[in-house]
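Have a look at work-v7.cif below; it lists mmCIF, C-alpha atoms and all ligand atoms.
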data_query
loop_
_atom_site.group_PDB
_atom_site.id
_atom_site.type_symbol
_atom_site.label_atom_id
_atom_site.label_comp_id
_atom_site.auth_asym_id
_atom_site.auth_seq_id
_atom_site.Cartn_x
_atom_site.Cartn_y
_atom_site.Cartn_z
ATOM 1 C CA MET W 372 -231.743 -49.239 58.988
ATOM 2 C CA THR W 373 -228.426 -47.385 59.029
ATOM 3 C CA LYS W 374 -228.063 -44.260 61.141
ATOM 4 C CA LYS W 375 -225.716 -41.349 60.627
ATOM 5 C CA VAL W 376 -223.440 -39.815 63.249
ATOM 6 C CA ARG W 377 -224.922 -36.320 63.558
ATOM 7 C CA LYS W 378 -224.060 -35.290 67.098
ATOM 8 C CA ALA W 379 -220.807 -34.859 68.980
ATOM 9 C CA VAL W 380 -220.409 -34.680 72.761
ATOM 10 C CA PHE W 381 -217.585 -32.659 74.298
ATOM 11 C CA PRO W 382 -217.001 -33.539 77.963
ATOM 12 C CA ALA W 383 -215.621 -30.316 79.438
ATOM 13 C CA ALA W 384 -216.561 -30.489 83.107
ATOM 14 C CA GLY W 385 -213.267 -31.835 84.474
ATOM 15 C CA LEU W 386 -211.076 -29.959 86.914
ATOM 16 C CA GLY W 387 -207.957 -29.724 84.753
ATOM 17 C CA THR W 388 -205.610 -30.328 87.669
ATOM 18 C CA ARG W 389 -202.635 -31.156 85.436
ATOM 19 C CA PHE W 390 -202.601 -27.573 84.228
ATOM 20 C CA LEU W 391 -202.776 -25.741 87.550
ATOM 21 C CA PRO W 392 -202.501 -22.887 88.336
ATOM 22 C CA ALA W 393 -203.693 -21.788 84.857
ATOM 23 C CA THR W 394 -206.910 -23.761 85.267
ATOM 24 C CA LYS W 395 -207.869 -22.422 88.678
ATOM 25 C CA ALA W 396 -210.228 -19.825 87.200
ATOM 26 C CA ILE W 397 -210.017 -20.611 83.461
ATOM 27 C CA PRO W 398 -211.473 -23.807 82.014
ATOM 28 C CA LYS W 399 -208.735 -26.044 80.630
ATOM 29 C CA GLU W 400 -210.753 -26.315 77.426
ATOM 30 C CA MET W 401 -210.312 -22.549 76.933
ATOM 31 C CA LEU W 402 -206.509 -22.579 77.074
ATOM 32 C CA ALA W 403 -205.194 -21.182 73.810
ATOM 33 C CA LEU W 404 -203.125 -23.251 71.419
ATOM 34 C CA VAL W 405 -201.396 -20.360 69.576
ATOM 35 C CA ASP W 406 -204.522 -18.161 69.429
ATOM 36 C CA LYS W 407 -207.498 -20.514 69.545
ATOM 37 C CA PRO W 408 -209.016 -22.256 72.585
ATOM 38 C CA ILE W 409 -208.324 -25.978 72.378
ATOM 39 C CA ILE W 410 -212.046 -26.817 72.411
ATOM 40 C CA GLN W 411 -212.515 -24.821 69.196
ATOM 41 C CA TYR W 412 -210.111 -27.143 67.353
ATOM 42 C CA GLY W 413 -212.340 -30.051 68.388
ATOM 43 C CA VAL W 414 -215.553 -28.270 67.391
ATOM 44 C CA GLU W 415 -214.075 -27.438 63.982
ATOM 45 C CA GLU W 416 -213.060 -31.084 63.589
ATOM 46 C CA ALA W 417 -216.597 -32.274 64.389
ATOM 47 C CA LEU W 418 -218.070 -29.854 61.860
ATOM 48 C CA ALA W 419 -215.555 -30.914 59.208
ATOM 49 C CA ALA W 420 -216.636 -34.499 59.888
ATOM 50 C CA GLY W 421 -220.255 -33.607 59.116
ATOM 51 C CA CYS W 422 -221.660 -33.341 62.658
ATOM 52 C CA GLU W 423 -224.618 -30.978 62.883
ATOM 53 C CA GLU W 424 -225.052 -30.675 66.628
ATOM 54 C CA ILE W 425 -222.488 -30.118 69.333
ATOM 55 C CA ILE W 426 -223.263 -30.918 72.948
ATOM 56 C CA ILE W 427 -220.858 -29.556 75.532
ATOM 57 C CA VAL W 428 -220.894 -31.025 79.038
ATOM 58 C CA THR W 429 -219.933 -28.225 81.384
ATOM 59 C CA GLY W 430 -219.850 -27.594 85.108
ATOM 60 C CA ARG W 431 -219.193 -24.832 87.599
ATOM 61 C CA GLY W 432 -216.612 -22.283 86.473
ATOM 62 C CA LYS W 433 -216.984 -23.170 82.817
ATOM 63 C CA SER W 434 -219.083 -20.235 81.604
ATOM 64 C CA ALA W 435 -216.175 -18.904 79.503
ATOM 65 C CA ILE W 436 -216.847 -21.808 77.112
ATOM 66 C CA GLU W 437 -220.457 -20.684 76.575
ATOM 67 C CA ASP W 438 -219.371 -17.069 76.183
ATOM 68 C CA HIS W 439 -216.749 -18.037 73.623
ATOM 69 C CA PHE W 440 -219.277 -19.621 71.264
ATOM 70 C CA ASP W 441 -221.817 -16.831 71.814
ATOM 71 C CA ILE W 442 -222.146 -13.375 70.295
ATOM 72 C CA SER W 443 -219.919 -10.852 72.067
ATOM 73 C CA PHE W 444 -222.053 -7.761 71.594
ATOM 74 C CA GLU W 445 -219.724 -5.221 73.193
ATOM 75 C CA LEU W 446 -216.611 -6.533 71.459
ATOM 76 C CA GLU W 447 -218.282 -6.733 68.066
ATOM 77 C CA ALA W 448 -219.810 -3.246 68.331
ATOM 78 C CA THR W 449 -216.386 -1.837 69.227
ATOM 79 C CA LEU W 450 -214.621 -3.645 66.375
ATOM 80 C CA GLU W 451 -217.310 -2.425 63.969
ATOM 81 C CA ARG W 452 -216.939 1.174 65.145
ATOM 82 C CA ARG W 453 -213.162 0.946 64.719
ATOM 83 C CA GLY W 454 -213.482 -0.576 61.261
ATOM 84 C CA LYS W 455 -211.578 -3.733 62.263
ATOM 85 C CA LYS W 456 -213.278 -5.926 59.684
ATOM 86 C CA GLU W 457 -210.984 -8.954 59.869
ATOM 87 C CA LEU W 458 -211.152 -9.208 63.662
ATOM 88 C CA LEU W 459 -214.907 -8.744 63.547
ATOM 89 C CA ALA W 460 -215.223 -11.586 61.063
ATOM 90 C CA LEU W 461 -213.049 -13.774 63.290
ATOM 91 C CA SER W 462 -215.267 -13.124 66.316
ATOM 92 C CA ARG W 463 -218.512 -13.646 64.381
ATOM 93 C CA GLN W 464 -217.226 -16.796 62.729
ATOM 94 C CA VAL W 465 -216.974 -18.453 66.151
ATOM 95 C CA SER W 466 -220.508 -17.563 67.225
ATOM 96 C CA ASN W 467 -222.026 -18.496 63.854
ATOM 97 C CA MET W 468 -220.206 -21.775 63.758
ATOM 98 C CA VAL W 469 -222.750 -24.317 64.834
ATOM 99 C CA LYS W 470 -225.815 -25.327 66.787
ATOM 100 C CA LEU W 471 -224.647 -25.839 70.351
ATOM 101 C CA ALA W 472 -226.353 -27.287 73.389
ATOM 102 C CA TYR W 473 -225.011 -27.362 76.924
ATOM 103 C CA VAL W 474 -225.693 -29.809 79.691
ATOM 104 C CA ARG W 475 -224.302 -29.639 83.220
ATOM 105 C CA GLN W 476 -222.404 -32.274 85.095
ATOM 106 C CA LYS W 477 -222.865 -31.165 88.686
ATOM 107 C CA GLU W 478 -219.828 -33.012 89.975
ATOM 108 C CA ALA W 479 -216.786 -34.243 88.052
ATOM 109 C CA MET W 480 -217.658 -37.908 88.543
ATOM 110 C CA GLY W 481 -215.702 -39.208 85.584
ATOM 111 C CA LEU W 482 -215.785 -39.333 81.811
ATOM 112 C CA GLY W 483 -218.492 -42.026 81.679
ATOM 113 C CA HIS W 484 -220.699 -39.911 83.914
ATOM 114 C CA ALA W 485 -220.069 -36.824 81.749
ATOM 115 C CA VAL W 486 -221.127 -38.733 78.614
ATOM 116 C CA LEU W 487 -224.223 -40.041 80.410
ATOM 117 C CA MET W 488 -225.321 -36.434 81.040
ATOM 118 C CA ALA W 489 -225.855 -36.078 77.266
ATOM 119 C CA ARG W 490 -228.244 -39.042 77.055
ATOM 120 C CA GLU W 491 -231.454 -37.084 76.512
ATOM 121 C CA LEU W 492 -229.897 -34.743 73.975
ATOM 122 C CA ILE W 493 -228.508 -37.657 71.970
ATOM 123 C CA GLY W 494 -231.515 -39.973 72.029
ATOM 124 C CA ASP W 495 -231.440 -43.232 70.113
ATOM 125 C CA GLU W 496 -228.659 -42.627 67.612
ATOM 126 C CA PRO W 497 -224.927 -43.181 67.271
ATOM 127 C CA PHE W 498 -222.804 -40.237 68.371
ATOM 128 C CA ALA W 499 -219.230 -39.027 68.633
ATOM 129 C CA VAL W 500 -217.295 -38.126 71.770
ATOM 130 C CA ILE W 501 -214.397 -35.696 71.464
ATOM 131 C CA LEU W 502 -212.110 -34.994 74.400
ATOM 132 C CA PRO W 503 -211.179 -31.384 73.788
ATOM 133 C CA ASP W 504 -207.705 -31.635 75.312
ATOM 134 C CA ASP W 505 -206.666 -34.138 72.642
ATOM 135 C CA VAL W 506 -205.911 -31.902 69.682
ATOM 136 C CA ILE W 507 -205.320 -33.898 66.518
ATOM 137 C CA ASP W 508 -203.398 -32.580 63.558
ATOM 138 C CA ALA W 509 -204.458 -34.676 60.577
ATOM 139 C CA PRO W 510 -204.712 -34.349 56.796
ATOM 140 C CA VAL W 511 -208.286 -35.687 57.014
ATOM 141 C CA PRO W 512 -209.937 -34.719 60.322
ATOM 142 C CA CYS W 513 -209.656 -37.684 62.705
ATOM 143 C CA LEU W 514 -213.395 -37.806 63.392
ATOM 144 C CA LYS W 515 -214.120 -37.798 59.651
ATOM 145 C CA GLN W 516 -211.832 -40.817 59.246
ATOM 146 C CA MET W 517 -213.726 -42.559 62.045
ATOM 147 C CA ILE W 518 -217.182 -41.714 60.688
ATOM 148 C CA ASP W 519 -216.140 -43.187 57.334
ATOM 149 C CA VAL W 520 -215.323 -46.430 59.160
ATOM 150 C CA TYR W 521 -218.558 -46.246 61.159
ATOM 151 C CA ASN W 522 -220.554 -45.883 57.952
ATOM 152 C CA GLN W 523 -219.088 -49.183 56.774
ATOM 153 C CA THR W 524 -219.258 -51.115 60.035
ATOM 154 C CA GLN W 525 -222.187 -49.542 61.982
ATOM 155 C CA SER W 526 -220.184 -50.403 65.108
ATOM 156 C CA SER W 527 -218.609 -48.399 67.905
ATOM 157 C CA ILE W 528 -215.134 -47.136 67.015
ATOM 158 C CA LEU W 529 -212.348 -46.083 69.399
ATOM 159 C CA ALA W 530 -209.464 -44.018 68.054
ATOM 160 C CA THR W 531 -206.158 -45.610 68.897
ATOM 161 C CA MET W 532 -202.462 -44.948 68.433
ATOM 162 C CA GLU W 533 -199.401 -47.103 68.971
ATOM 163 C CA VAL W 534 -197.395 -46.245 72.061
ATOM 164 C CA ASP W 535 -193.990 -47.851 72.655
ATOM 165 C CA GLY W 536 -192.415 -48.561 76.018
ATOM 166 C CA PRO W 537 -193.417 -47.532 79.538
ATOM 167 C CA ALA W 538 -195.409 -44.513 78.281
ATOM 168 C CA ILE W 539 -198.254 -46.993 77.600
ATOM 169 C CA SER W 540 -199.034 -46.906 81.348
ATOM 170 C CA ALA W 541 -200.673 -43.493 80.938
ATOM 171 C CA TYR W 542 -203.457 -44.846 78.699
ATOM 172 C CA GLY W 543 -206.369 -47.222 78.425
ATOM 173 C CA VAL W 544 -205.028 -50.066 76.276
ATOM 174 C CA LEU W 545 -206.925 -52.284 73.831
ATOM 175 C CA GLU W 546 -206.947 -56.046 74.001
ATOM 176 C CA GLY W 547 -207.829 -57.960 70.833
ATOM 177 C CA THR W 548 -206.549 -58.809 67.381
ATOM 178 C CA PRO W 549 -205.767 -56.883 64.202
ATOM 179 C CA ASP W 550 -208.599 -57.097 61.681
ATOM 180 C CA SER W 551 -207.801 -59.308 58.698
ATOM 181 C CA THR W 552 -209.629 -57.105 56.166
ATOM 182 C CA ASN W 553 -208.313 -53.697 57.170
ATOM 183 C CA PRO W 554 -204.871 -53.124 58.760
ATOM 184 C CA LYS W 555 -206.092 -49.936 60.452
ATOM 185 C CA LEU W 556 -208.815 -51.798 62.360
ATOM 186 C CA PHE W 557 -208.455 -53.769 65.575
ATOM 187 C CA ASN W 558 -211.104 -56.204 66.834
ATOM 188 C CA VAL W 559 -211.480 -55.215 70.457
ATOM 189 C CA THR W 560 -212.136 -57.954 73.017
ATOM 190 C CA GLY W 561 -211.172 -56.067 76.164
ATOM 191 C CA MET W 562 -209.477 -53.025 77.630
ATOM 192 C CA VAL W 563 -207.032 -52.450 80.450
ATOM 193 C CA GLU W 564 -206.824 -49.071 82.149
ATOM 194 C CA LYS W 565 -203.274 -47.724 82.679
ATOM 195 C CA PRO W 566 -201.428 -51.101 82.730
ATOM 196 C CA LYS W 567 -197.785 -51.607 83.638
ATOM 197 C CA LEU W 568 -195.737 -52.172 80.471
ATOM 198 C CA ALA W 569 -195.461 -55.916 81.236
ATOM 199 C CA ASP W 570 -199.257 -56.224 81.578
ATOM 200 C CA ALA W 571 -200.211 -54.162 78.521
ATOM 201 C CA PRO W 572 -202.243 -56.405 76.173
ATOM 202 C CA SER W 573 -201.130 -54.423 73.070
ATOM 203 C CA LYS W 574 -199.462 -51.169 72.031
ATOM 204 C CA ASN W 575 -202.852 -49.735 71.042
ATOM 205 C CA ALA W 576 -203.607 -46.821 73.362
ATOM 206 C CA ILE W 577 -207.089 -45.305 73.418
ATOM 207 C CA ILE W 578 -207.121 -41.565 72.768
ATOM 208 C CA GLY W 579 -209.851 -38.954 72.958
ATOM 209 C CA ARG W 580 -212.117 -39.740 70.020
ATOM 210 C CA TYR W 581 -214.960 -42.257 70.154
ATOM 211 C CA ILE W 582 -217.998 -43.164 68.106
ATOM 212 C CA LEU W 583 -220.508 -44.985 70.260
ATOM 213 C CA THR W 584 -223.850 -46.615 69.724
ATOM 214 C CA PRO W 585 -226.670 -45.409 72.039
ATOM 215 C CA LYS W 586 -226.634 -48.762 73.855
ATOM 216 C CA ILE W 587 -223.748 -47.298 75.874
ATOM 217 C CA PHE W 588 -226.191 -45.142 77.875
ATOM 218 C CA GLU W 589 -228.154 -48.001 79.416
ATOM 219 C CA LEU W 590 -224.869 -49.743 80.221
ATOM 220 C CA LEU W 591 -223.339 -46.638 81.822
ATOM 221 C CA GLU W 592 -226.473 -46.300 83.990
ATOM 222 C CA LYS W 593 -225.711 -49.746 85.398
ATOM 223 C CA THR W 594 -221.918 -49.428 85.601
ATOM 224 C CA PRO W 595 -220.602 -49.206 89.167
ATOM 225 C CA LEU W 596 -218.127 -46.464 90.028
ATOM 226 C CA GLY W 597 -214.616 -47.606 89.092
ATOM 227 C CA ALA W 598 -211.056 -46.348 89.563
ATOM 228 C CA GLY W 599 -210.838 -43.159 91.644
ATOM 229 C CA GLY W 600 -214.542 -43.362 92.575
ATOM 230 C CA GLU W 601 -215.393 -42.205 89.032
ATOM 231 C CA LEU W 602 -217.752 -43.611 86.422
ATOM 232 C CA GLN W 603 -215.286 -44.703 83.749
ATOM 233 C CA LEU W 604 -216.255 -44.598 80.095
ATOM 234 C CA THR W 605 -213.989 -47.590 79.450
ATOM 235 C CA ASP W 606 -216.024 -49.674 81.958
ATOM 236 C CA GLY W 607 -219.165 -48.854 79.947
ATOM 237 C CA ILE W 608 -217.440 -49.801 76.701
ATOM 238 C CA LYS W 609 -216.277 -53.085 78.240
ATOM 239 C CA ALA W 610 -219.921 -53.883 79.005
ATOM 240 C CA LEU W 611 -220.823 -52.963 75.412
ATOM 241 C CA LEU W 612 -218.399 -55.634 74.193
ATOM 242 C CA ALA W 613 -220.670 -58.340 75.589
ATOM 243 C CA THR W 614 -223.379 -57.572 73.027
ATOM 244 C CA GLU W 615 -221.824 -55.470 70.259
ATOM 245 C CA LYS W 616 -218.760 -55.351 68.080
ATOM 246 C CA VAL W 617 -216.260 -52.598 68.938
ATOM 247 C CA TYR W 618 -213.331 -51.620 66.727
ATOM 248 C CA GLY W 619 -210.108 -49.800 67.445
ATOM 249 C CA TYR W 620 -209.075 -47.530 64.584
ATOM 250 C CA THR W 621 -205.503 -46.361 63.989
ATOM 251 C CA PHE W 622 -206.065 -42.858 62.702
ATOM 252 C CA ASP W 623 -203.763 -40.915 60.370
ATOM 253 C CA GLY W 624 -202.421 -37.861 62.139
ATOM 254 C CA ILE W 625 -200.629 -36.612 65.211
ATOM 255 C CA ARG W 626 -202.330 -36.380 68.575
ATOM 256 C CA HIS W 627 -201.260 -33.719 71.042
ATOM 257 C CA ASP W 628 -202.190 -33.926 74.717
ATOM 258 C CA ALA W 629 -202.905 -30.240 75.199
ATOM 259 C CA GLY W 630 -204.290 -30.874 78.699
ATOM 260 C CA ASP W 631 -200.725 -31.506 79.844
ATOM 261 C CA LYS W 632 -198.128 -28.735 80.152
ATOM 262 C CA PHE W 633 -195.394 -30.419 78.110
ATOM 263 C CA GLY W 634 -197.904 -31.667 75.524
ATOM 264 C CA MET W 635 -199.238 -28.143 75.135
ATOM 265 C CA LEU W 636 -195.707 -26.757 74.625
ATOM 266 C CA LYS W 637 -194.994 -29.275 71.862
ATOM 267 C CA ALA W 638 -198.359 -28.602 70.218
ATOM 268 C CA THR W 639 -197.705 -24.867 70.346
ATOM 269 C CA VAL W 640 -194.365 -25.249 68.530
ATOM 270 C CA ASP W 641 -195.849 -27.583 65.885
ATOM 271 C CA PHE W 642 -198.930 -25.455 65.226
ATOM 272 C CA ALA W 643 -197.056 -22.133 65.240
ATOM 273 C CA LEU W 644 -194.486 -23.459 62.748
ATOM 274 C CA LYS W 645 -197.312 -24.409 60.376
ATOM 275 C CA ARG W 646 -199.008 -21.024 60.507
ATOM 276 C CA GLU W 647 -198.791 -18.962 57.342
ATOM 277 C CA ASP W 648 -198.814 -15.698 59.252
ATOM 278 C CA MET W 649 -196.040 -16.517 61.718
ATOM 279 C CA GLY W 650 -194.409 -19.851 60.794
ATOM 280 C CA GLU W 651 -191.335 -18.352 59.091
ATOM 281 C CA LYS W 652 -190.752 -15.788 61.783
ATOM 282 C CA PHE W 653 -191.101 -18.399 64.497
ATOM 283 C CA ARG W 654 -188.744 -20.820 62.704
ATOM 284 C CA GLU W 655 -186.097 -18.068 62.489
ATOM 285 C CA TYR W 656 -186.552 -17.349 66.173
ATOM 286 C CA LEU W 657 -186.143 -21.006 67.124
ATOM 287 C CA LYS W 658 -183.013 -21.287 64.964
ATOM 288 C CA SER W 659 -181.537 -18.254 66.682
ATOM 289 C CA LEU W 660 -181.699 -19.911 70.096
ATOM 290 C CA SER W 661 -178.411 -21.369 71.272
ATOM 291 C CA LEU W 662 -179.754 -24.667 72.602
HETATM 292 P P1 LIG B 701 -209.204 -35.469 81.741
HETATM 293 O O1 LIG B 701 -208.973 -36.500 82.755
HETATM 294 O O2 LIG B 701 -208.143 -35.167 80.753
HETATM 295 O O3 LIG B 701 -209.602 -34.071 82.399
HETATM 296 O O4 LIG B 701 -210.587 -35.750 81.009
HETATM 297 P P2 LIG B 701 -209.502 -33.489 83.811
HETATM 298 O O5 LIG B 701 -209.979 -34.440 84.843
HETATM 299 O O6 LIG B 701 -210.168 -32.159 83.737
HETATM 300 O O7 LIG B 701 -207.944 -33.208 83.871
HETATM 301 P P3 LIG B 701 -206.803 -33.454 84.933
HETATM 302 O O8 LIG B 701 -206.374 -34.871 84.735
HETATM 303 O O9 LIG B 701 -207.360 -33.148 86.300
HETATM 304 O O10 LIG B 701 -205.769 -32.463 84.510
HETATM 305 C C1 LIG B 701 -210.785 -35.585 79.615
HETATM 306 C C2 LIG B 701 -211.977 -34.663 79.342
HETATM 307 O O11 LIG B 701 -213.125 -35.099 80.046
HETATM 308 C C3 LIG B 701 -213.697 -34.064 80.790
HETATM 309 C C4 LIG B 701 -212.578 -33.048 81.005
HETATM 310 O O12 LIG B 701 -213.113 -31.725 81.121
HETATM 311 C C5 LIG B 701 -211.715 -33.220 79.780
HETATM 312 O O13 LIG B 701 -212.109 -32.356 78.740
HETATM 313 N N1 LIG B 701 -214.275 -34.597 82.042
HETATM 314 C C6 LIG B 701 -213.505 -35.362 82.860
HETATM 315 C C7 LIG B 701 -215.588 -34.285 82.362
HETATM 316 O O14 LIG B 701 -216.301 -33.587 81.618
HETATM 317 N N2 LIG B 701 -216.103 -34.765 83.545
HETATM 318 C C8 LIG B 701 -215.375 -35.527 84.391
HETATM 319 O O15 LIG B 701 -215.905 -35.931 85.436
HETATM 320 C C9 LIG B 701 -214.047 -35.831 84.043
#
Final structure tokens representation of the file:
Amino acid sequence: MTKKVRKAVFPAAGLGTRFLPATKAIPKEMLALVDKPIIQYGVEEALAAGCEEIIIVTGRGKSAIEDHFDISFELEATLERRGKKELLALSRQVSNMVKLAYVRQKEAMGLGHAVLMARELIGDEPFAVILPDDVIDAPVPCLKQMIDVYNQTQSSILATMEVDGPAISAYGVLEGTPDSTNPKLFNVTGMVEKPKLADAPSKNAIIGRYILTPKIFELLEKTPLGAGGELQLTDGIKALLATEKVYGYTFDGIRHDAGDKFGMLKATVDFALKREDMGEKFREYLKSLSL
């Protein structure tokens, strides 16, 4: 029997240390890319891909995320009184967006541990994982592309992109062979976390989109803590490889690391230039700079 990917997990309980001091009191996932919190881009992507339920893994200091997707009674009443219809619609659109559930990760014990927290809410079905700080600009939403592949293969899928040179050392890297039937697929046989360039088994870096079969939960339960004393999602996926097929998928689109200061700056320029309401003005401003 084939199962559909209906649920998406958003791990959002990390400490966001790369973006200090901004993330001291504000969750990284709530940092605005132009005018929208980065997690909202991910939620919109999951909805566009057909997901019906969103599960956000939060922790201490993350209540702004819950407030963002909730009704803001005071704000909405004020906007209504002032006749600000467009702003009111914008605020309501966020709270009406989707069915959301929250689960706490008491300590930031790693991405694998964060995903494991969603076990009961997911149950026995395939699911997506979206890392909210990876914002992907794509003609077809990245997760939709991946679900299309999942529907054909019924196997776990890891989004991957080619990274040249020493920059590969910042990523988990896939080991395996290109698939003979589909040039965008990679038959995964292993994974190496943050290798030196000379040790990288391929140029295929893992980025923040996954479709996983529920088998991952029982494997994560048994996975010992890995690098940095954290439960690594990649260690769980490695264990999955022993019994199930896992594919890498080269998505169409551009991935921005919005959890990193420089990545966020680049994303801001790209997204602002594409905006109908400010793109032209912003382009003129950039041209006027004597760089
Ligand atoms: P990152 O490694 O990018 O997030 O994890 P981080 O640890 O918050 O960031 P830095 O490196 O200190 O700046 C990717 C996603 O996984 C979540 C994070 O919130 C982020 O959205 N995460 C990470 C958890 O939910 N729990 C964890 O234990 C670790």
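Each of W:Ala629, W:Ala530, W:Ile608, W:Val511 was checked against ligand LIG 701 (chain B) using all atoms listed in the file; the smallest atom-to-atom distance is that of W:Ala629.
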Just so the selection is clear, what residues does the PyMOL selection byres (((not hetatm)) within 9 of (chain B and resi 701)) cover here, as a compact mmCIF listing (two decimals) with C-alpha atoms, in the frame of the given file?
# COMPACT_ATOMS: atom_id res chain seq x y z
CA PHE W 381 -217.58 -32.66 74.30
CA PRO W 382 -217.00 -33.54 77.96
CA ALA W 383 -215.62 -30.32 79.44
CA ALA W 384 -216.56 -30.49 83.11
CA GLY W 385 -213.27 -31.84 84.47
CA LEU W 386 -211.08 -29.96 86.91
CA GLY W 387 -207.96 -29.72 84.75
CA THR W 388 -205.61 -30.33 87.67
CA ARG W 389 -202.64 -31.16 85.44
CA PHE W 390 -202.60 -27.57 84.23
CA LEU W 391 -202.78 -25.74 87.55
CA THR W 394 -206.91 -23.76 85.27
CA PRO W 398 -211.47 -23.81 82.01
CA LYS W 399 -208.74 -26.04 80.63
CA GLU W 400 -210.75 -26.32 77.43
CA ILE W 410 -212.05 -26.82 72.41
CA ILE W 427 -220.86 -29.56 75.53
CA VAL W 428 -220.89 -31.02 79.04
CA THR W 429 -219.93 -28.22 81.38
CA GLY W 430 -219.85 -27.59 85.11
CA GLN W 476 -222.40 -32.27 85.10
CA GLU W 478 -219.83 -33.01 89.98
CA ALA W 479 -216.79 -34.24 88.05
CA MET W 480 -217.66 -37.91 88.54
CA GLY W 481 -215.70 -39.21 85.58
CA LEU W 482 -215.78 -39.33 81.81
CA GLY W 483 -218.49 -42.03 81.68
CA HIS W 484 -220.70 -39.91 83.91
CA ALA W 485 -220.07 -36.82 81.75
CA VAL W 486 -221.13 -38.73 78.61
CA ILE W 501 -214.40 -35.70 71.46
CA LEU W 502 -212.11 -34.99 74.40
CA PRO W 503 -211.18 -31.38 73.79
CA ASP W 504 -207.70 -31.64 75.31
CA ASP W 505 -206.67 -34.14 72.64
CA GLY W 579 -209.85 -38.95 72.96
CA GLU W 601 -215.39 -42.20 89.03
CA LEU W 602 -217.75 -43.61 86.42
CA GLN W 603 -215.29 -44.70 83.75
CA ASP W 628 -202.19 -33.93 74.72
CA GLY W 630 -204.29 -30.87 78.70
CA ASP W 631 -200.72 -31.51 79.84
The PyMOL selection byres (((chain W and resi 594) around 10) and not hetatm) resolved against shown file, as an NGL selection string: :W and (483-484 or 588-593 or 595-597 or 602-604 or 606-610)
Residue subset to file, keeping C-alpha atoms, as a PDB file, keeping the file's coordinate frame:
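This went into selection_12.pdb:
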ATOM      1  CA  GLY W 483    -218.492 -42.026  81.679  1.00  0.00           C
ATOM      2  CA  HIS W 484    -220.699 -39.911  83.914  1.00  0.00           C
ATOM      3  CA  PHE W 588    -226.191 -45.142  77.875  1.00  0.00           C
ATOM      4  CA  GLU W 589    -228.154 -48.001  79.416  1.00  0.00           C
ATOM      5  CA  LEU W 590    -224.869 -49.743  80.221  1.00  0.00           C
ATOM      6  CA  LEU W 591    -223.339 -46.638  81.822  1.00  0.00           C
ATOM      7  CA  GLU W 592    -226.473 -46.300  83.990  1.00  0.00           C
ATOM      8  CA  LYS W 593    -225.711 -49.746  85.398  1.00  0.00           C
ATOM      9  CA  PRO W 595    -220.602 -49.206  89.167  1.00  0.00           C
ATOM     10  CA  LEU W 596    -218.127 -46.464  90.028  1.00  0.00           C
ATOM     11  CA  GLY W 597    -214.616 -47.606  89.092  1.00  0.00           C
ATOM     12  CA  LEU W 602    -217.752 -43.611  86.422  1.00  0.00           C
ATOM     13  CA  GLN W 603    -215.286 -44.703  83.749  1.00  0.00           C
ATOM     14  CA  LEU W 604    -216.255 -44.598  80.095  1.00  0.00           C
ATOM     15  CA  ASP W 606    -216.024 -49.674  81.958  1.00  0.00           C
ATOM     16  CA  GLY W 607    -219.165 -48.854  79.947  1.00  0.00           C
ATOM     17  CA  ILE W 608    -217.440 -49.801  76.701  1.00  0.00           C
ATOM     18  CA  LYS W 609    -216.277 -53.085  78.240  1.00  0.00           C
ATOM     19  CA  ALA W 610    -219.921 -53.883  79.005  1.00  0.00           C
TER      20      ALA W 610
END
Explicit residues for the PyMOL selection byres (((chain W and resi 520) around 12) and not hetatm) (as number ranges by chain): W: 375-376, 513-519, 521-530, 553, 555-557, 581-582, 617-622
Expected file: the selected residues, C-alpha atoms, as a compact mmCIF listing (two decimals), in the coordinates of the input:
# COMPACT_ATOMS: atom_id res chain seq x y z
CA LYS W 375 -225.72 -41.35 60.63
CA VAL W 376 -223.44 -39.82 63.25
CA CYS W 513 -209.66 -37.68 62.70
CA LEU W 514 -213.40 -37.81 63.39
CA LYS W 515 -214.12 -37.80 59.65
CA GLN W 516 -211.83 -40.82 59.25
CA MET W 517 -213.73 -42.56 62.04
CA ILE W 518 -217.18 -41.71 60.69
CA ASP W 519 -216.14 -43.19 57.33
CA TYR W 521 -218.56 -46.25 61.16
CA ASN W 522 -220.55 -45.88 57.95
CA GLN W 523 -219.09 -49.18 56.77
CA THR W 524 -219.26 -51.12 60.04
CA GLN W 525 -222.19 -49.54 61.98
CA SER W 526 -220.18 -50.40 65.11
CA SER W 527 -218.61 -48.40 67.90
CA ILE W 528 -215.13 -47.14 67.02
CA LEU W 529 -212.35 -46.08 69.40
CA ALA W 530 -209.46 -44.02 68.05
CA ASN W 553 -208.31 -53.70 57.17
CA LYS W 555 -206.09 -49.94 60.45
CA LEU W 556 -208.82 -51.80 62.36
CA PHE W 557 -208.46 -53.77 65.58
CA TYR W 581 -214.96 -42.26 70.15
CA ILE W 582 -218.00 -43.16 68.11
CA VAL W 617 -216.26 -52.60 68.94
CA TYR W 618 -213.33 -51.62 66.73
CA GLY W 619 -210.11 -49.80 67.44
CA TYR W 620 -209.08 -47.53 64.58
CA THR W 621 -205.50 -46.36 63.99
CA PHE W 622 -206.06 -42.86 62.70
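Comparing W:Pro497, W:Pro392, W:Pro554, W:Gly599 by their smallest distance to Thr373 of chain W, the closest is W:Pro497 (using all atoms listed in the file).
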Point-to-point distance from atom CA of Glu423 of chain W to atom CA of Lys374 of chain W, Å rounded to tenths: 13.8 Å
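Atom to atom, atom CA of Ala541 of chain W and atom CA of Val380 of chain W stand 23.1 Å apart.
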Polymer residues at most 12 Å from (-220.7, -29.9, 64.8) by only C-alpha atoms, as a PyMOL selection string: chain W and resi 376-381+410-427+467-472+498-501+514-515
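Nearest to Val559 of chain W of all the residues W:Leu450, W:Val640, W:Ala489, W:Ile577 is W:Ile577, counting all atoms listed in the file.
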